[in-house]
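A quick write-up on the structure given underneath.
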Amino acid sequence: MAKKATVQSTYQVVKMDGEKVIRVSGDINASLATKAEYENYHLRLEFKWGEKVYGKRNSGLLYHSYGPFGVAFGTWMANIEHQLMHDNLGDTYLMANTWCETNVKKGDDGKTFYYSPDGKTMEFSETDNGRSIKKMKDAEKPLGEWNTVDLYCFGQTAIHVVNGQLVMINTNCNKIENGKKVPLTKGKIQLQSEGGEFFIRKVEIENIDGIPNKFMN
């Protein structure tokens with residue numbers, strides 16, 4: 001008989017190489033969420049994948065989260081996702097009724113959009129060119145090594161940085177309510193359990209007065 005998943009079995013503090021880390025089981029879809037909302041911040045996350053895989057090595061850093069759990073795929077709050085999935089680290093995925101603008105270029109297939117600083121500014125959502133925007137470059141470390149993810153959110157702008165390399169800038173972040181755009185500048189933060197075991201050794205967050213110039217020039 002299968003064991004019943006619990007909060008303790010899905011998200012737990014364990015010892016690894018002499019230090020405490022958070023182990024995320026990945027065997028069920030679940031959310032570890034902040035109680036507070038955050039705006040105008042820099043978040044740093046250090047994580048690496050484990051050996052256990054139940055579907056694929058998938059997770060996400062979900063920011064500007066709001067509303068009830070279950071709105072997104074029956075589990076998560078509405079949010080914008082900084083993708084942590086293996087081979088897709090740094091992508092954007094817009095869940096529920098979230099919306100943004102991003103400079104992009106189309107891939108060779110004519111359907112996939114990739115962030116590009118000198119690309120065309122396009123709208124993205126469920127109804128505007130799709131929910132998915134691919135990272136500009138692959139900056140992920142090999143499996144088993146620690147990745148450092150930096151998320152900068154200021155006003156309606158969100159920047160994804162992977163291992164020190166800029167891979168995504170989303171601007172004009174909104175949510176759609178009653179057919180109208182409402183600025184999305186803050187929200188709770190969620191960490192997904194979704195298909196693969198992984199470990200977190202650091203989560204830090206600090207207030208900022210703006211996006212660092214090195215990312216906006």
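Following the order of the structure tokens, chains are lettered A, B, ..., residues in each are numbered from 1, and ligands are numbered from 1.
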
>> Just want the 6 Å neighbourhood of Glu123 in chain A, counted on only C-alpha atoms, with same-chain residues fewer than 4 positions away dropped. Output as number ranges by chain.
In response: A: 100-101, 128

Residues of the last selection are to be written out with C-alpha atoms, as an mmCIF file, in the first residue's frame.
data_model
loop_
_atom_site.group_PDB
_atom_site.id
_atom_site.type_symbol
_atom_site.label_atom_id
_atom_site.label_comp_id
_atom_site.auth_asym_id
_atom_site.auth_seq_id
_atom_site.Cartn_x
_atom_site.Cartn_y
_atom_site.Cartn_z
ATOM 1 C CA CYS A 100 3.587 40.251 -19.111
ATOM 2 C CA GLU A 101 5.550 41.804 -21.942
ATOM 3 C CA ASP A 128 -1.642 36.398 -25.985
#

Which residues are near Ile200 in chain A? Cut-off 6 Å, only C-alpha atoms, ignore same chain within fewer than 3 positions. Put them as a PDB file with N, CA and C atoms, in the first residue's frame.
ATOM      1  N   VAL A  21      19.847  21.432   4.965  1.00  0.00           N
ATOM      2  CA  VAL A  21      19.253  21.821   3.691  1.00  0.00           C
ATOM      3  C   VAL A  21      17.781  21.406   3.707  1.00  0.00           C
ATOM      4  N   ILE A  22      17.013  22.000   2.822  1.00  0.00           N
ATOM      5  CA  ILE A  22      15.614  21.597   2.644  1.00  0.00           C
ATOM      6  C   ILE A  22      15.559  20.549   1.542  1.00  0.00           C
ATOM      7  N   GLU A  46      19.735  28.767  -3.846  1.00  0.00           N
ATOM      8  CA  GLU A  46      20.751  27.802  -4.261  1.00  0.00           C
ATOM      9  C   GLU A  46      20.156  26.407  -4.138  1.00  0.00           C
ATOM     10  N   PHE A  47      20.174  25.661  -5.231  1.00  0.00           N
ATOM     11  CA  PHE A  47      19.549  24.335  -5.221  1.00  0.00           C
ATOM     12  C   PHE A  47      20.312  23.374  -6.128  1.00  0.00           C
TER      13      PHE A  47
END

>> So that I can check the secondary structure, give me every residue of range 8-186 of chain A assigned strand (DSSP E) by backbone DSSP, as a PyMOL selection string.
In response: chain A and resi 11-16+19-24+30-33+38-39+41-53+60-66+78-83+92-94+98-106+113-115+120-124+132-133+147-154+157-162+165-177+180-183+186

>> Considering only C-alpha atoms, can you say which of A:Phe154, A:Lys202, A:Gln165, A:Asn172 comes closest to Asn40 in chain A?
In response: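 Counting only C-alpha atoms, the residue closest to Asn40 in chain A is A:Phe154.
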
Residues of range 68-162 of chain A at most 12 Å from range 186-196 of chain A: nearest atom pair and distance in Å, only C-alpha atoms, as CSV:
residue,atom,partner,partner_atom,distance
A:Pro68,CA,A:Lys188,CA,11.2
A:Phe69,CA,A:Gln190,CA,10.5
A:Ala72,CA,A:Gln192,CA,11.8
A:Phe73,CA,A:Glu194,CA,11.2
A:Thr75,CA,A:Gln192,CA,9.4
A:Trp76,CA,A:Gln190,CA,8.1
A:Met77,CA,A:Gln190,CA,8.3
A:Ala78,CA,A:Gly187,CA,9.7
A:Asn79,CA,A:Gly187,CA,8.2
A:Ile80,CA,A:Ile189,CA,9.8
A:Glu81,CA,A:Gln190,CA,9.2
A:His82,CA,A:Leu191,CA,10.1
A:Gln83,CA,A:Gln192,CA,10.0
A:Leu84,CA,A:Gln192,CA,9.2
A:Met85,CA,A:Gly196,CA,9.2
A:His86,CA,A:Gly196,CA,9.6
A:Leu151,CA,A:Ile189,CA,11.2
A:Tyr152,CA,A:Lys186,CA,11.7
A:Cys153,CA,A:Lys186,CA,8.3
A:Phe154,CA,A:Lys186,CA,8.8
A:Gly155,CA,A:Lys186,CA,8.1
A:Gln156,CA,A:Lys186,CA,8.6
A:Thr157,CA,A:Lys186,CA,10.6
A:Ala158,CA,A:Lys186,CA,10.6

> Do you know which residues are at most 7 Å from Ser125 in chain A counting only C-alpha atoms, after dropping those on the same chain fewer than 6 positions away, and could you put them as an NGL selection string?
Replying inline: :A and (94 or 98-100 or 131)

Dump C-alpha atoms for the selected residues as a tab-separated table (two decimals), in the first residue's frame?
chain	number	residue	atom	x	y	z
A	94	LEU	CA	2.57	32.47	-16.76
A	98	THR	CA	-1.02	36.48	-15.22
A	99	TRP	CA	0.32	38.56	-18.12
A	100	CYS	CA	3.59	40.25	-19.11
A	131	ARG	CA	2.17	31.27	-21.40

> Mind pulling up the distance from CA of Arg44 in chain A to CA of Ile159 in chain A?
Replying inline: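 Value for the CA of Ile159 in chain A-CA of Arg44 in chain A distance: 11.9 Å.
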
>> So that I can check the secondary structure, give me every residue of range 1-214 of chain A assigned helix (DSSP H, G or I) by backbone DSSP, as a ChimeraX atom specification.
In response: /A:7-10,213-214

Pull N, CA and C atoms from the residues just selected and write them as a compact mmCIF listing (two decimals), in the first residue's frame.
# COMPACT_ATOMS: atom_id res chain seq x y z
N VAL A 7 3.09 16.92 4.76
CA VAL A 7 3.96 18.09 4.68
C VAL A 7 5.38 17.71 5.04
N GLN A 8 5.53 16.90 6.08
CA GLN A 8 6.85 16.52 6.58
C GLN A 8 7.60 15.63 5.58
N SER A 9 6.88 14.80 4.83
CA SER A 9 7.56 13.93 3.87
C SER A 9 7.86 14.64 2.56
N THR A 10 7.14 15.74 2.28
CA THR A 10 7.34 16.47 1.03
C THR A 10 8.39 17.55 1.16
N ASN A 213 21.86 48.31 -12.38
CA ASN A 213 22.11 48.87 -13.71
C ASN A 213 22.73 47.86 -14.67
N LYS A 214 23.53 46.95 -14.16
CA LYS A 214 24.23 45.99 -15.04
C LYS A 214 23.26 45.11 -15.81

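With distances restricted to only C-alpha atoms, A:Asn170 is the closest residue to Tyr115 in chain A from A:Val162, A:Val71, A:Asn170, A:Asn97.
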
>> So, with only C-alpha atoms as the atoms that count, which of A:Lys111, A:His64, A:Lys141, A:Lys175 lies closest to Glu37 in chain A?
In response: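 Closest candidate: A:His64.
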
>> Report, in Å with one decimal, the straight-line distance from CA of Ser116 in chain A to CA of Ser59 in chain A.
In response: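 Here the two named atoms are 23.7 Å from each other.
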
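Nearest residue to Gly164 in chain A, choosing from A:Leu45, A:Val24, A:Leu61, A:Leu184 and counting only C-alpha atoms: A:Leu45.
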
>> Which residues are close to range 50-55 of chain A, i.e. within 10 Å by only C-alpha atoms, leaving aside same-chain residues fewer than 5 positions away? Reply as a PyMOL selection string.
In response: chain A and resi 23-28+143-145+194-199

Kindly export the residues of the current selection with N, CA and C atoms, as a short mmCIF file (atom, residue, chain, number, x, y, z; two decimals), in the first residue's frame.
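Below is the file part12.cif, written as the result:
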data_model
loop_
_atom_site.label_atom_id
_atom_site.label_comp_id
_atom_site.auth_asym_id
_atom_site.auth_seq_id
_atom_site.Cartn_x
_atom_site.Cartn_y
_atom_site.Cartn_z
N ARG A 23 15.00 19.41 1.84
CA ARG A 23 14.77 18.38 0.82
C ARG A 23 13.33 18.49 0.34
N VAL A 24 13.16 18.61 -0.96
CA VAL A 24 11.83 18.63 -1.58
C VAL A 24 11.66 17.29 -2.29
N SER A 25 10.66 16.53 -1.91
CA SER A 25 10.55 15.14 -2.37
C SER A 25 10.27 15.03 -3.87
N GLY A 26 9.37 15.90 -4.40
CA GLY A 26 9.03 15.83 -5.81
C GLY A 26 8.09 14.71 -6.18
N ASP A 27 7.66 13.88 -5.22
CA ASP A 27 6.82 12.74 -5.57
C ASP A 27 5.35 13.11 -5.72
N ILE A 28 4.98 14.32 -5.26
CA ILE A 28 3.63 14.83 -5.48
C ILE A 28 3.72 16.30 -5.87
N LEU A 143 23.92 18.16 -13.73
CA LEU A 143 23.18 17.50 -12.65
C LEU A 143 24.11 17.13 -11.51
N GLY A 144 23.64 17.38 -10.28
CA GLY A 144 24.43 17.07 -9.10
C GLY A 144 25.21 18.25 -8.57
N GLU A 145 25.31 19.33 -9.37
CA GLU A 145 26.01 20.53 -8.91
C GLU A 145 24.99 21.58 -8.47
N GLU A 194 7.37 18.92 -7.74
CA GLU A 194 6.70 18.58 -9.00
C GLU A 194 7.54 17.64 -9.85
N GLY A 195 7.72 16.40 -9.39
CA GLY A 195 8.27 15.40 -10.28
C GLY A 195 9.68 14.92 -10.02
N GLY A 196 10.46 15.69 -9.24
CA GLY A 196 11.83 15.27 -9.00
C GLY A 196 12.36 15.78 -7.67
N GLU A 197 13.14 14.95 -7.01
CA GLU A 197 13.74 15.33 -5.73
C GLU A 197 14.80 16.42 -5.94
N PHE A 198 14.78 17.45 -5.09
CA PHE A 198 15.86 18.42 -5.11
C PHE A 198 16.10 19.00 -3.73
N PHE A 199 17.23 19.68 -3.60
CA PHE A 199 17.69 20.18 -2.31
C PHE A 199 17.97 21.68 -2.41
#

>> I'd like the contact shell of Asp91 in chain A - 10 Å cut-off, only C-alpha atoms, skipping same-chain residues fewer than 3 positions apart - returned as a ChimeraX atom specification.
In response: /A:60,81-85,87-88,114-115,132-138,160,167-168

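Each of A:Ala96, A:Ile176, A:Ala36, A:Ile169 was checked against Ile211 in chain A using only C-alpha atoms; the smallest atom-to-atom distance is that of A:Ile169.
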
> When you draw a straight line from CA of Tyr41 in chain A to CA of Gly210 in chain A, how long is it in Å?
Replying inline: 8.6 Å

> Out of A:Thr127, A:Asp150, A:Asp209, A:Thr171, which residue has the shortest atom-to-atom distance to Val104 in chain A when counting only C-alpha atoms?
Replying inline: A:Thr171
